[in-house]
$ cat work-v1.pdb   # PDB, C-alpha atoms
ATOM      1  CA  MET A  78       1.418  -6.991 -25.860  1.00  0.00           C
ATOM      2  CA  HIS A  79      -1.515  -4.571 -26.146  1.00  0.00           C
ATOM      3  CA  HIS A  80      -4.114  -4.345 -23.377  1.00  0.00           C
ATOM      4  CA  ALA A  81      -7.386  -2.486 -23.933  1.00  0.00           C
ATOM      5  CA  HIS A  82      -8.253   0.014 -21.207  1.00  0.00           C
ATOM      6  CA  LEU A  83     -11.864   0.163 -19.995  1.00  0.00           C
ATOM      7  CA  SER A  84     -13.386   3.178 -18.295  1.00  0.00           C
ATOM      8  CA  LEU A  85     -13.122   3.043 -14.502  1.00  0.00           C
ATOM      9  CA  PRO A  86     -16.876   2.535 -13.827  1.00  0.00           C
ATOM     10  CA  MET A  87     -17.046  -0.373 -16.287  1.00  0.00           C
ATOM     11  CA  ALA A  88     -13.802  -1.760 -14.886  1.00  0.00           C
ATOM     12  CA  ALA A  89     -15.222  -1.613 -11.371  1.00  0.00           C
ATOM     13  CA  ALA A  90     -18.290  -3.536 -12.443  1.00  0.00           C
ATOM     14  CA  THR A  91     -16.493  -6.070 -14.609  1.00  0.00           C
ATOM     15  CA  PHE A  92     -12.961  -6.708 -13.378  1.00  0.00           C
ATOM     16  CA  PHE A  93     -12.379  -5.298  -9.930  1.00  0.00           C
ATOM     17  CA  LEU A  94     -12.662  -7.313  -6.749  1.00  0.00           C
ATOM     18  CA  LEU A  95     -13.256  -4.241  -4.613  1.00  0.00           C
ATOM     19  CA  VAL A  96     -13.624  -4.991  -0.930  1.00  0.00           C
ATOM     20  CA  THR A  97     -13.691  -2.403   1.842  1.00  0.00           C
ATOM     21  CA  ILE A  98     -12.648  -3.462   5.318  1.00  0.00           C
ATOM     22  CA  PHE A  99     -13.547  -1.014   8.073  1.00  0.00           C
ATOM     23  CA  LEU A 100     -10.987  -1.197  10.852  1.00  0.00           C
ATOM     24  CA  SER A 101     -11.985  -0.361  14.400  1.00  0.00           C
ATOM     25  CA  SER A 102      -8.454  -1.372  15.401  1.00  0.00           C
ATOM     26  CA  THR A 103      -5.332  -2.591  13.650  1.00  0.00           C
ATOM     27  CA  CYS A 104      -6.486  -6.214  13.972  1.00  0.00           C
ATOM     28  CA  ILE A 105      -8.568  -8.289  11.539  1.00  0.00           C
ATOM     29  CA  ASN A 106     -10.065 -11.675  12.280  1.00  0.00           C
ATOM     30  CA  PHE A 107      -8.308 -13.545   9.481  1.00  0.00           C
ATOM     31  CA  ALA A 108      -9.487 -16.855  10.954  1.00  0.00           C
ATOM     32  CA  VAL A 109     -12.999 -15.984   9.754  1.00  0.00           C
ATOM     33  CA  ILE A 110     -11.713 -15.083   6.293  1.00  0.00           C
ATOM     34  CA  ALA A 111      -9.749 -18.343   6.131  1.00  0.00           C
ATOM     35  CA  THR A 112     -12.893 -20.467   6.646  1.00  0.00           C
ATOM     36  CA  THR A 113     -14.430 -19.335   3.337  1.00  0.00           C
ATOM     37  CA  PRO A 114     -13.314 -20.427  -0.163  1.00  0.00           C
ATOM     38  CA  LEU A 115     -10.636 -18.034  -1.385  1.00  0.00           C
ATOM     39  CA  PRO A 116      -9.720 -17.001  -4.921  1.00  0.00           C
ATOM     40  CA  LYS A 117      -6.325 -17.964  -6.288  1.00  0.00           C
ATOM     41  CA  PHE A 118      -3.825 -15.170  -6.865  1.00  0.00           C
ATOM     42  CA  PRO A 119      -0.285 -15.746  -8.204  1.00  0.00           C
ATOM     43  CA  ALA A 120       1.026 -12.597  -6.520  1.00  0.00           C
ATOM     44  CA  ILE A 121       0.126  -9.835  -4.057  1.00  0.00           C
ATOM     45  CA  PHE A 122       1.167  -6.168  -4.017  1.00  0.00           C
ATOM     46  CA  GLY A 123       0.827  -3.449  -1.389  1.00  0.00           C
ATOM     47  CA  PHE A 124       0.444   0.325  -1.764  1.00  0.00           C
ATOM     48  CA  GLY A 125      -0.192   2.645   1.143  1.00  0.00           C
ATOM     49  CA  ASP A 126       1.086   3.800   4.510  1.00  0.00           C
ATOM     50  CA  SER A 127       2.188   2.281   7.840  1.00  0.00           C
ATOM     51  CA  ILE A 128      -0.807  -0.074   7.926  1.00  0.00           C
ATOM     52  CA  LEU A 129       0.879  -1.923   5.039  1.00  0.00           C
ATOM     53  CA  ASP A 130       4.557  -0.827   5.011  1.00  0.00           C
ATOM     54  CA  THR A 131       6.712  -3.935   5.504  1.00  0.00           C
ATOM     55  CA  GLY A 132      10.000  -2.043   5.485  1.00  0.00           C
ATOM     56  CA  ASP A 133      10.316   0.386   2.559  1.00  0.00           C
ATOM     57  CA  ASN A 134      10.929   3.301   4.943  1.00  0.00           C
ATOM     58  CA  ASN A 135      14.121   1.565   6.073  1.00  0.00           C
ATOM     59  CA  TYR A 136      15.678   2.586   2.751  1.00  0.00           C
ATOM     60  CA  ILE A 137      14.657   6.246   2.462  1.00  0.00           C
ATOM     61  CA  ARG A 138      15.511   9.449   4.317  1.00  0.00           C
ATOM     62  CA  THR A 139      12.659   9.831   6.764  1.00  0.00           C
ATOM     63  CA  GLN A 140      12.290   9.900  10.525  1.00  0.00           C
ATOM     64  CA  ILE A 141       9.211   7.704  10.247  1.00  0.00           C
ATOM     65  CA  LYS A 142      10.859   4.339  10.886  1.00  0.00           C
ATOM     66  CA  SER A 143      10.239   1.300  13.088  1.00  0.00           C
ATOM     67  CA  ASN A 144      13.469  -0.632  12.632  1.00  0.00           C
ATOM     68  CA  TYR A 145      14.193  -0.709  16.355  1.00  0.00           C
ATOM     69  CA  ARG A 146      12.903  -2.597  19.383  1.00  0.00           C
ATOM     70  CA  PRO A 147      10.294  -3.280  20.667  1.00  0.00           C
ATOM     71  CA  TYR A 148       8.942  -3.434  17.105  1.00  0.00           C
ATOM     72  CA  GLY A 149       9.218  -6.934  15.676  1.00  0.00           C
ATOM     73  CA  GLN A 150       9.380  -8.726  19.026  1.00  0.00           C
ATOM     74  CA  GLU A 151       6.944 -11.388  17.754  1.00  0.00           C
ATOM     75  CA  PHE A 152       8.392 -11.527  14.254  1.00  0.00           C
ATOM     76  CA  PRO A 153      10.569 -14.587  13.483  1.00  0.00           C
ATOM     77  CA  ASN A 154      13.763 -14.294  15.552  1.00  0.00           C
ATOM     78  CA  GLY A 155      12.366 -11.140  17.203  1.00  0.00           C
ATOM     79  CA  ILE A 156      13.940  -8.903  14.560  1.00  0.00           C
ATOM     80  CA  PRO A 157      12.654  -5.350  13.914  1.00  0.00           C
ATOM     81  CA  THR A 158      11.969  -5.230  10.171  1.00  0.00           C
ATOM     82  CA  GLY A 159      10.522  -1.776   9.643  1.00  0.00           C
ATOM     83  CA  ARG A 160       6.970  -2.986  10.173  1.00  0.00           C
ATOM     84  CA  PHE A 161       4.941  -0.797  12.530  1.00  0.00           C
ATOM     85  CA  SER A 162       3.900  -3.871  14.475  1.00  0.00           C
ATOM     86  CA  ASN A 163       5.162  -6.402  16.971  1.00  0.00           C
ATOM     87  CA  GLY A 164       4.797  -9.040  14.245  1.00  0.00           C
ATOM     88  CA  ARG A 165       3.374  -9.433  10.772  1.00  0.00           C
ATOM     89  CA  LEU A 166       1.130  -6.929   9.009  1.00  0.00           C
ATOM     90  CA  ILE A 167      -2.043  -7.242   6.946  1.00  0.00           C
ATOM     91  CA  PRO A 168      -0.226  -7.879   3.624  1.00  0.00           C
ATOM     92  CA  ASP A 169       1.881 -10.610   5.256  1.00  0.00           C
ATOM     93  CA  MET A 170      -1.214 -12.297   6.675  1.00  0.00           C
ATOM     94  CA  LEU A 171      -3.089 -12.064   3.384  1.00  0.00           C
ATOM     95  CA  ALA A 172      -0.118 -13.455   1.459  1.00  0.00           C
ATOM     96  CA  SER A 173       0.063 -16.383   3.879  1.00  0.00           C
ATOM     97  CA  ILE A 174      -3.677 -17.103   3.933  1.00  0.00           C
ATOM     98  CA  LEU A 175      -3.850 -16.984   0.130  1.00  0.00           C
ATOM     99  CA  GLY A 176      -0.930 -19.424  -0.101  1.00  0.00           C
ATOM    100  CA  ILE A 177       1.324 -17.006  -1.972  1.00  0.00           C
ATOM    101  CA  LYS A 178       4.219 -16.526   0.494  1.00  0.00           C
ATOM    102  CA  ASP A 179       4.798 -16.168   4.231  1.00  0.00           C
ATOM    103  CA  THR A 180       5.589 -12.451   4.190  1.00  0.00           C
ATOM    104  CA  LEU A 181       5.470  -9.628   1.633  1.00  0.00           C
ATOM    105  CA  PRO A 182       8.923  -8.039   1.191  1.00  0.00           C
ATOM    106  CA  PRO A 183       9.393  -4.299   0.596  1.00  0.00           C
ATOM    107  CA  PHE A 184      10.340  -3.453  -2.981  1.00  0.00           C
ATOM    108  CA  LEU A 185      13.289  -1.328  -1.833  1.00  0.00           C
ATOM    109  CA  GLN A 186      14.866  -4.264   0.007  1.00  0.00           C
ATOM    110  CA  PRO A 187      18.197  -5.086  -1.678  1.00  0.00           C
ATOM    111  CA  ASN A 188      18.824  -8.424  -3.361  1.00  0.00           C
ATOM    112  CA  LEU A 189      15.235  -9.524  -3.899  1.00  0.00           C
ATOM    113  CA  SER A 190      15.132 -12.949  -5.511  1.00  0.00           C
ATOM    114  CA  ASN A 191      13.274 -13.792  -8.712  1.00  0.00           C
ATOM    115  CA  ASP A 192      10.801 -15.752  -6.563  1.00  0.00           C
ATOM    116  CA  ASP A 193      10.214 -12.608  -4.491  1.00  0.00           C
ATOM    117  CA  LEU A 194       9.563 -10.588  -7.621  1.00  0.00           C
ATOM    118  CA  THR A 195       7.194 -13.032  -9.288  1.00  0.00           C
ATOM    119  CA  ALA A 196       5.080 -13.530  -6.135  1.00  0.00           C
ATOM    120  CA  GLY A 197       4.744  -9.812  -5.409  1.00  0.00           C
ATOM    121  CA  VAL A 198       6.345  -7.020  -3.416  1.00  0.00           C
ATOM    122  CA  ASN A 199       5.269  -4.042  -1.336  1.00  0.00           C
ATOM    123  CA  PHE A 200       5.512  -0.339  -2.229  1.00  0.00           C
ATOM    124  CA  ALA A 201       3.784   1.066   0.869  1.00  0.00           C
ATOM    125  CA  SER A 202       5.544   3.744   2.892  1.00  0.00           C
ATOM    126  CA  ALA A 203       4.670   4.694   6.472  1.00  0.00           C
ATOM    127  CA  ALA A 204       3.288   8.261   6.732  1.00  0.00           C
ATOM    128  CA  ALA A 205       2.443   8.451   3.009  1.00  0.00           C
ATOM    129  CA  GLY A 206      -0.780   9.996   1.778  1.00  0.00           C
ATOM    130  CA  PHE A 207      -2.940  10.680  -1.252  1.00  0.00           C
ATOM    131  CA  ASP A 208      -2.186  14.389  -0.807  1.00  0.00           C
ATOM    132  CA  ALA A 209       1.272  15.299  -2.140  1.00  0.00           C
ATOM    133  CA  LYS A 210       1.673  17.791   0.732  1.00  0.00           C
ATOM    134  CA  THR A 211       1.700  14.943   3.259  1.00  0.00           C
ATOM    135  CA  SER A 212       5.067  13.619   2.101  1.00  0.00           C
ATOM    136  CA  VAL A 213       6.514  17.140   2.210  1.00  0.00           C
ATOM    137  CA  PHE A 214       6.189  16.884   6.009  1.00  0.00           C
ATOM    138  CA  THR A 215       7.013  13.216   6.485  1.00  0.00           C
ATOM    139  CA  LYS A 216       9.492  12.527   3.647  1.00  0.00           C
ATOM    140  CA  ALA A 217       7.594   9.278   3.021  1.00  0.00           C
ATOM    141  CA  ILE A 218       7.149   7.842  -0.458  1.00  0.00           C
ATOM    142  CA  PRO A 219       4.051   9.578  -1.879  1.00  0.00           C
ATOM    143  CA  PHE A 220       1.458   7.531  -3.712  1.00  0.00           C
ATOM    144  CA  SER A 221       2.546   9.011  -7.046  1.00  0.00           C
ATOM    145  CA  LYS A 222       6.092   7.806  -6.389  1.00  0.00           C
ATOM    146  CA  GLN A 223       4.799   4.374  -5.320  1.00  0.00           C
ATOM    147  CA  ILE A 224       3.333   4.094  -8.818  1.00  0.00           C
ATOM    148  CA  ASP A 225       6.726   5.057 -10.276  1.00  0.00           C
ATOM    149  CA  LEU A 226       8.355   2.334  -8.176  1.00  0.00           C
ATOM    150  CA  PHE A 227       5.802  -0.144  -9.487  1.00  0.00           C
ATOM    151  CA  LYS A 228       6.722   0.847 -13.044  1.00  0.00           C
ATOM    152  CA  ASP A 229      10.376   0.148 -12.195  1.00  0.00           C
ATOM    153  CA  TYR A 230       9.330  -3.192 -10.721  1.00  0.00           C
ATOM    154  CA  LEU A 231       7.278  -4.077 -13.799  1.00  0.00           C
ATOM    155  CA  ALA A 232      10.220  -3.383 -16.092  1.00  0.00           C
ATOM    156  CA  THR A 233      12.376  -5.661 -13.931  1.00  0.00           C
ATOM    157  CA  LEU A 234       9.716  -8.378 -13.898  1.00  0.00           C
ATOM    158  CA  LYS A 235       9.439  -8.286 -17.678  1.00  0.00           C
ATOM    159  CA  GLY A 236      13.193  -8.822 -17.829  1.00  0.00           C
ATOM    160  CA  VAL A 237      12.859 -11.884 -15.597  1.00  0.00           C
ATOM    161  CA  VAL A 238       9.822 -13.663 -17.070  1.00  0.00           C
ATOM    162  CA  GLY A 239       9.091 -11.852 -20.337  1.00  0.00           C
ATOM    163  CA  GLU A 240       6.404  -9.277 -21.113  1.00  0.00           C
ATOM    164  CA  GLU A 241       3.486 -11.657 -21.702  1.00  0.00           C
ATOM    165  CA  LYS A 242       3.958 -13.624 -18.461  1.00  0.00           C
ATOM    166  CA  ALA A 243       4.683 -10.441 -16.490  1.00  0.00           C
ATOM    167  CA  MET A 244       1.384  -8.903 -17.577  1.00  0.00           C
ATOM    168  CA  LYS A 245      -0.486 -12.107 -16.752  1.00  0.00           C
ATOM    169  CA  ILE A 246       0.978 -12.024 -13.223  1.00  0.00           C
ATOM    170  CA  ILE A 247      -0.204  -8.434 -12.777  1.00  0.00           C
ATOM    171  CA  ASN A 248      -3.623  -9.079 -14.360  1.00  0.00           C
ATOM    172  CA  ASP A 249      -4.226 -12.027 -12.009  1.00  0.00           C
ATOM    173  CA  ALA A 250      -2.626 -10.533  -8.876  1.00  0.00           C
ATOM    174  CA  LEU A 251      -4.264  -8.982  -5.814  1.00  0.00           C
ATOM    175  CA  MET A 252      -3.472  -5.337  -5.075  1.00  0.00           C
ATOM    176  CA  VAL A 253      -3.989  -4.120  -1.487  1.00  0.00           C
ATOM    177  CA  VAL A 254      -4.174  -0.385  -0.788  1.00  0.00           C
ATOM    178  CA  THR A 255      -4.923   1.906   2.135  1.00  0.00           C
ATOM    179  CA  GLY A 256      -4.339   5.568   2.820  1.00  0.00           C
ATOM    180  CA  GLY A 257      -5.827   8.874   3.918  1.00  0.00           C
ATOM    181  CA  ILE A 258      -5.244   8.859   7.649  1.00  0.00           C
ATOM    182  CA  ASN A 259      -1.921  10.728   7.397  1.00  0.00           C
ATOM    183  CA  ASP A 260      -3.462  13.309   5.068  1.00  0.00           C
ATOM    184  CA  TYR A 261      -5.992  14.284   7.716  1.00  0.00           C
ATOM    185  CA  THR A 262      -3.506  14.054  10.586  1.00  0.00           C
ATOM    186  CA  TYR A 263      -0.819  16.243   9.042  1.00  0.00           C
ATOM    187  CA  ASN A 264      -2.753  18.609   6.784  1.00  0.00           C
ATOM    188  CA  MET A 265      -5.993  19.193   8.705  1.00  0.00           C
ATOM    189  CA  TYR A 266      -4.895  18.838  12.347  1.00  0.00           C
ATOM    190  CA  ASP A 267      -1.147  18.978  13.059  1.00  0.00           C
ATOM    191  CA  PHE A 268      -0.279  21.485  10.321  1.00  0.00           C
ATOM    192  CA  PRO A 269      -3.709  22.729   9.190  1.00  0.00           C
ATOM    193  CA  THR A 270      -2.580  24.304   5.917  1.00  0.00           C
ATOM    194  CA  ARG A 271      -5.334  22.559   3.967  1.00  0.00           C
ATOM    195  CA  ARG A 272      -7.964  24.167   6.241  1.00  0.00           C
ATOM    196  CA  LEU A 273      -7.200  27.398   4.374  1.00  0.00           C
ATOM    197  CA  GLU A 274      -8.419  25.704   1.167  1.00  0.00           C
ATOM    198  CA  PHE A 275     -10.954  23.045   2.198  1.00  0.00           C
ATOM    199  CA  THR A 276     -13.564  22.226   4.776  1.00  0.00           C
ATOM    200  CA  PRO A 277     -13.052  18.704   6.201  1.00  0.00           C
ATOM    201  CA  ARG A 278     -15.778  17.364   3.873  1.00  0.00           C
ATOM    202  CA  GLN A 279     -14.270  19.116   0.841  1.00  0.00           C
ATOM    203  CA  TYR A 280     -10.871  17.714   1.769  1.00  0.00           C
ATOM    204  CA  GLY A 281     -12.374  14.238   1.864  1.00  0.00           C
ATOM    205  CA  ASP A 282     -13.699  14.755  -1.663  1.00  0.00           C
ATOM    206  CA  PHE A 283     -10.252  15.963  -2.737  1.00  0.00           C
ATOM    207  CA  LEU A 284      -8.624  12.825  -1.329  1.00  0.00           C
ATOM    208  CA  LEU A 285     -11.234  10.555  -2.916  1.00  0.00           C
ATOM    209  CA  ASN A 286     -10.559  12.155  -6.297  1.00  0.00           C
ATOM    210  CA  ASN A 287      -6.824  11.553  -5.832  1.00  0.00           C
ATOM    211  CA  PHE A 288      -7.560   7.965  -4.829  1.00  0.00           C
ATOM    212  CA  GLN A 289      -9.722   7.449  -7.915  1.00  0.00           C
ATOM    213  CA  ASN A 290      -6.914   8.721 -10.144  1.00  0.00           C
ATOM    214  CA  PHE A 291      -4.463   6.457  -8.320  1.00  0.00           C
ATOM    215  CA  THR A 292      -6.568   3.319  -8.831  1.00  0.00           C
ATOM    216  CA  LYS A 293      -7.335   4.265 -12.442  1.00  0.00           C
ATOM    217  CA  GLU A 294      -3.617   4.523 -13.230  1.00  0.00           C
ATOM    218  CA  LEU A 295      -2.908   1.159 -11.611  1.00  0.00           C
ATOM    219  CA  TYR A 296      -5.797  -0.343 -13.556  1.00  0.00           C
ATOM    220  CA  ASN A 297      -4.263   0.987 -16.756  1.00  0.00           C
ATOM    221  CA  LEU A 298      -0.971  -0.616 -15.719  1.00  0.00           C
ATOM    222  CA  GLY A 299      -2.659  -4.016 -15.477  1.00  0.00           C
ATOM    223  CA  PHE A 300      -4.243  -4.573 -12.041  1.00  0.00           C
ATOM    224  CA  ARG A 301      -7.721  -6.089 -12.026  1.00  0.00           C
ATOM    225  CA  ALA A 302      -8.304  -7.146  -8.395  1.00  0.00           C
ATOM    226  CA  MET A 303      -8.090  -4.523  -5.666  1.00  0.00           C
ATOM    227  CA  LEU A 304      -8.625  -4.787  -1.931  1.00  0.00           C
ATOM    228  CA  VAL A 305      -9.235  -1.352  -0.401  1.00  0.00           C
ATOM    229  CA  ILE A 306      -8.858  -1.029   3.375  1.00  0.00           C
ATOM    230  CA  GLY A 307     -10.972   1.666   4.991  1.00  0.00           C
ATOM    231  CA  LEU A 308      -9.673   4.372   7.317  1.00  0.00           C
ATOM    232  CA  PRO A 309      -8.793   3.280  10.858  1.00  0.00           C
ATOM    233  CA  THR A 310      -9.741   5.437  13.816  1.00  0.00           C
ATOM    234  CA  VAL A 311      -7.777   8.690  14.000  1.00  0.00           C
ATOM    235  CA  GLY A 312      -5.738   8.632  17.193  1.00  0.00           C
ATOM    236  CA  SER A 313      -2.347   8.127  18.785  1.00  0.00           C
ATOM    237  CA  TYR A 314       0.208   5.618  17.534  1.00  0.00           C
ATOM    238  CA  PRO A 315       3.493   4.588  19.221  1.00  0.00           C
ATOM    239  CA  PHE A 316       6.278   6.771  17.857  1.00  0.00           C
ATOM    240  CA  ARG A 317       9.834   7.650  18.785  1.00  0.00           C
ATOM    241  CA  PRO A 318      11.687  10.328  16.782  1.00  0.00           C
ATOM    242  CA  VAL A 319      14.951   9.024  15.307  1.00  0.00           C
TER     243      VAL A 319
END
$ encode --input "work-v1.pdb" --output "structure tokens"
Amino acid sequence: MHHAHLSLPMAAATFFLLVTIFLSSTCINFAVIATTPLPKFPAIFGFGDSILDTGDNNYIRTQIKSNYRPYGQEFPNGIPTGRFSNGRLIPDMLASILGIKDTLPPFLQPNLSNDDLTAGVNFASAAAGFDAKTSVFTKAIPFSKQIDLFKDYLATLKGVVGEEKAMKIINDALMVVTGGINDYTYNMYDFPTRRLEFTPRQYGDFLLNNFQNFTKELYNLGFRAMLVIGLPTVGSYPFRPV
């Protein structure tokens, strides 16, 4: 099935639901969101870093993991799932509020059901960034690889429901994305290699260009509704080397 591709500016004006949420903390008042009429989405997908990662890092070789206590202490049965949280994350809450599913499973989780696949999965990886150099340090799944994983997912989905229905699911789905904080942390502060090439403002422009290319490619793959989460405050996060 052929899908015409619009230019990104026209797409933004015509098809995208582009919402920016500025986070002063890792909490959002979803009760306020839930009081307003909400659009209907058949599926939800996540791309990004630890703000969204629901467990993909459990299945890759990286030290950036949270599959140990006290993480998950407020998750059902108190089980650490790989979420960098004591409970659910933003994509889980959105999926629940939108009536799609209770939680958003990581794509790399083995034995995903057909129901899991058709209602959406998560490709986010803690410590990922829009700068390819970020994953060199963290061994997280870079954003370019998250797109590759989505392509693998899409091929699987087409095998489950057929090409036409698969593309309709993607066209009507909500995509949630966040990133950038790890790029600054690792490349401008902890290991300031990018300071040899960019000023902080120039680096921001570099990341925004990478982000634009990322969203344009996902648009070309079928997404039409995108929720973009703004950068949280740069600071300290709980971490224990594995």
$ residues_around --input "work-v1.pdb" --residues "Phe283 (chain A)" --least-positions-apart "4" --cutoff "12 Å" --atoms "all atoms listed in the file" --output "CSV table (one decimal) with C-alpha atoms, in the coordinates of the input"
chain,number,residue,atom,x,y,z
A,207,PHE,CA,-2.9,10.7,-1.3
A,208,ASP,CA,-2.2,14.4,-0.8
A,209,ALA,CA,1.3,15.3,-2.1
A,257,GLY,CA,-5.8,8.9,3.9
A,260,ASP,CA,-3.5,13.3,5.1
A,261,TYR,CA,-6.0,14.3,7.7
A,271,ARG,CA,-5.3,22.6,4.0
A,274,GLU,CA,-8.4,25.7,1.2
A,275,PHE,CA,-11.0,23.0,2.2
A,276,THR,CA,-13.6,22.2,4.8
A,277,PRO,CA,-13.1,18.7,6.2
A,278,ARG,CA,-15.8,17.4,3.9
A,279,GLN,CA,-14.3,19.1,0.8
A,287,ASN,CA,-6.8,11.6,-5.8
A,288,PHE,CA,-7.6,8.0,-4.8
A,289,GLN,CA,-9.7,7.4,-7.9
A,290,ASN,CA,-6.9,8.7,-10.1
$ closest_residue --input "work-v1.pdb" --among "A:Ala205, A:Leu171, A:Val237, A:Ala196" --to "Gln223 (chain A)" --atoms "all atoms listed in the file"
A:Ala205
$ resolve_selection --input "work-v1.pdb" --expression "the PyMOL selection byres ((chain A and resi 118) around 9)" --output "list in words"
Pro116, Lys117, Pro119, Ala120, Ile121, Leu175, Gly176, Ile177, Ile246, Asp249, Ala250 and Leu251 of chain A
$ atom_distance --input "work-v1.pdb" --atom1 "CA of Val253 (chain A)" --atom2 "CA of Thr158 (chain A)"
19.8 Å
$ residues_around --input "work-v1.pdb" --residues "Ala172 (chain A)" --least-positions-apart "6" --cutoff "8 Å" --atoms "all atoms listed in the file" --output "count of residues only"
5
$ atom_distance --input "work-v1.pdb" --atom1 "CA of Met252 (chain A)" --atom2 "CA of Asp130 (chain A)"
13.7 Å
$ resolve_selection --input "work-v1.pdb" --expression "the PyMOL selection byres ((chain A and resi 211) around 12)" --output "ChimeraX atom specification"
/A:126,202-210,212-221,256-271,284
$ write_last_selection --input "work-v1.pdb" --atoms "C-alpha atoms" --output "PDB file, keeping the file's coordinate frame"
ATOM      1  CA  ASP A 126       1.086   3.800   4.510  1.00  0.00           C
ATOM      2  CA  SER A 202       5.544   3.744   2.892  1.00  0.00           C
ATOM      3  CA  ALA A 203       4.670   4.694   6.472  1.00  0.00           C
ATOM      4  CA  ALA A 204       3.288   8.261   6.732  1.00  0.00           C
ATOM      5  CA  ALA A 205       2.443   8.451   3.009  1.00  0.00           C
ATOM      6  CA  GLY A 206      -0.780   9.996   1.778  1.00  0.00           C
ATOM      7  CA  PHE A 207      -2.940  10.680  -1.252  1.00  0.00           C
ATOM      8  CA  ASP A 208      -2.186  14.389  -0.807  1.00  0.00           C
ATOM      9  CA  ALA A 209       1.272  15.299  -2.140  1.00  0.00           C
ATOM     10  CA  LYS A 210       1.673  17.791   0.732  1.00  0.00           C
ATOM     11  CA  SER A 212       5.067  13.619   2.101  1.00  0.00           C
ATOM     12  CA  VAL A 213       6.514  17.140   2.210  1.00  0.00           C
ATOM     13  CA  PHE A 214       6.189  16.884   6.009  1.00  0.00           C
ATOM     14  CA  THR A 215       7.013  13.216   6.485  1.00  0.00           C
ATOM     15  CA  LYS A 216       9.492  12.527   3.647  1.00  0.00           C
ATOM     16  CA  ALA A 217       7.594   9.278   3.021  1.00  0.00           C
ATOM     17  CA  ILE A 218       7.149   7.842  -0.458  1.00  0.00           C
ATOM     18  CA  PRO A 219       4.051   9.578  -1.879  1.00  0.00           C
ATOM     19  CA  PHE A 220       1.458   7.531  -3.712  1.00  0.00           C
ATOM     20  CA  SER A 221       2.546   9.011  -7.046  1.00  0.00           C
ATOM     21  CA  GLY A 256      -4.339   5.568   2.820  1.00  0.00           C
ATOM     22  CA  GLY A 257      -5.827   8.874   3.918  1.00  0.00           C
ATOM     23  CA  ILE A 258      -5.244   8.859   7.649  1.00  0.00           C
ATOM     24  CA  ASN A 259      -1.921  10.728   7.397  1.00  0.00           C
ATOM     25  CA  ASP A 260      -3.462  13.309   5.068  1.00  0.00           C
ATOM     26  CA  TYR A 261      -5.992  14.284   7.716  1.00  0.00           C
ATOM     27  CA  THR A 262      -3.506  14.054  10.586  1.00  0.00           C
ATOM     28  CA  TYR A 263      -0.819  16.243   9.042  1.00  0.00           C
ATOM     29  CA  ASN A 264      -2.753  18.609   6.784  1.00  0.00           C
ATOM     30  CA  MET A 265      -5.993  19.193   8.705  1.00  0.00           C
ATOM     31  CA  TYR A 266      -4.895  18.838  12.347  1.00  0.00           C
ATOM     32  CA  ASP A 267      -1.147  18.978  13.059  1.00  0.00           C
ATOM     33  CA  PHE A 268      -0.279  21.485  10.321  1.00  0.00           C
ATOM     34  CA  PRO A 269      -3.709  22.729   9.190  1.00  0.00           C
ATOM     35  CA  THR A 270      -2.580  24.304   5.917  1.00  0.00           C
ATOM     36  CA  ARG A 271      -5.334  22.559   3.967  1.00  0.00           C
ATOM     37  CA  LEU A 284      -8.624  12.825  -1.329  1.00  0.00           C
TER      38      LEU A 284
END
$ atom_distance --input "work-v1.pdb" --atom1 "CA of Phe200 (chain A)" --atom2 "CA of Asn154 (chain A)"
24.1 Å
$ resolve_selection --input "work-v1.pdb" --expression "the PyMOL selection byres ((chain A and resi 151) around 9)" --output "list in words"
Tyr148, Gly149, Gln150, Phe152, Pro153, Asn154, Gly155, Ile156, Ser162, Asn163, Gly164 and Arg165 of chain A
$ closest_residue --input "work-v1.pdb" --among "A:Arg272, A:Glu240, A:Thr131, A:Asp282" --to "Met170 (chain A)" --atoms "only C-alpha atoms"
A:Thr131
$ axis_aligned_box --input "work-v1.pdb" --around "region 273-289 of chain A" --padding-each-side "5 Å" --output "AutoDock Vina command-line options"
--center_x -11.3 --center_y 17.4 --center_z -0.9 --size_x 19.0 --size_y 29.9 --size_z 24.1
$ closest_residue --input "work-v1.pdb" --among "A:Ser143, A:Asn199, A:Thr233, A:Asn297" --to "Pro168 (chain A)" --atoms "all atoms listed in the file"
A:Asn199
$ residues_near_point --input "work-v1.pdb" --point "(6.2, -1.1, 5.7)" --cutoff "6 Å" --atoms "all atoms listed in the file" --output "PyMOL selection string"
chain A and resi 127+129-133+159-160+201-202
$ closest_residue --input "work-v1.pdb" --among "A:Leu234, A:Leu194, A:Ile128, A:Ile224" --to "Ile167 (chain A)" --atoms "only C-alpha atoms"
A:Ile128
